[in-house]
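Colleague: Before I ask anything, here is the structure I am working with.
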Amino acid sequence: MAKGTLSPQSDPAAPHYRIFVRDLVLTGLIGVHSHERDQPQRIQFNVDLLSEDGCIAADDKIANVVSYEDIVSGIKSLLARGHVGLVETLAEEIANMCLSDGRVRVVRVRVEKLDVFDEAASVGIEIERRHT
């Protein structure tokens, strides 16, 4: 498997499709320091999902596919709940949200804080989880 790609858990040759959200920037309360509890920060999200291929049978209905709109709305809802201490926690919550759709086989989530260090464009983590 090439670096940066996802493959289905069971059979790599099985039909699948990829859903992604790139460089979504939102503000939220995140961080372990006291000033981060009440000062919103810019957070960038990248989500990449590998789903069972249902595109052919989708009948041009959004309910029949994994929707990137649902992913974005879900991330916004998670942020709206309030302060999160760790980017790791937020990334796990996003991964679990995505995997709650049984069609999703693999999800990769990257969460980056954009304004932590003047010398760095971002800091954060990337995780990959598979449907069990």
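Residues are referred to by chain and number: the chain letter is A, B, ... according to the order shown in the structure tokens, the number counts from 1 in that chain, and ligands are numbered separately from 1 in the order shown.
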As number ranges by chain, please: the residues near Ser73 of chain A (cut-off 12 Å, only C-alpha atoms, same-chain neighbours under 2 positions excluded).
Modeller: A: 21, 24, 26, 67-71, 75-80, 94, 97-98
Colleague: Tell me which protein, DNA and RNA residues are within 10 Å of segment 113-122 of chain A, counting only C-alpha atoms, leaving out same-chain ones fewer than 2 positions away, and put them as a PyMOL selection string.
Modeller: chain A and resi 25+27-28+30-31+41-45+87+111+124-125
Colleague: Could you give me, as a PyMOL selection string, each residue of chain A that DSSP assigns to strand (DSSP E or B) when run on this structure's backbone?
Modeller: chain A and resi 16-28+30+41-52+84+104-113+123-130
Colleague: Calculated over only C-alpha atoms, which of the candidates A:Asp60, A:Asp48, A:Glu126, A:Asp38 has the smallest distance to Arg22 of chain A?
Modeller: A:Asp48
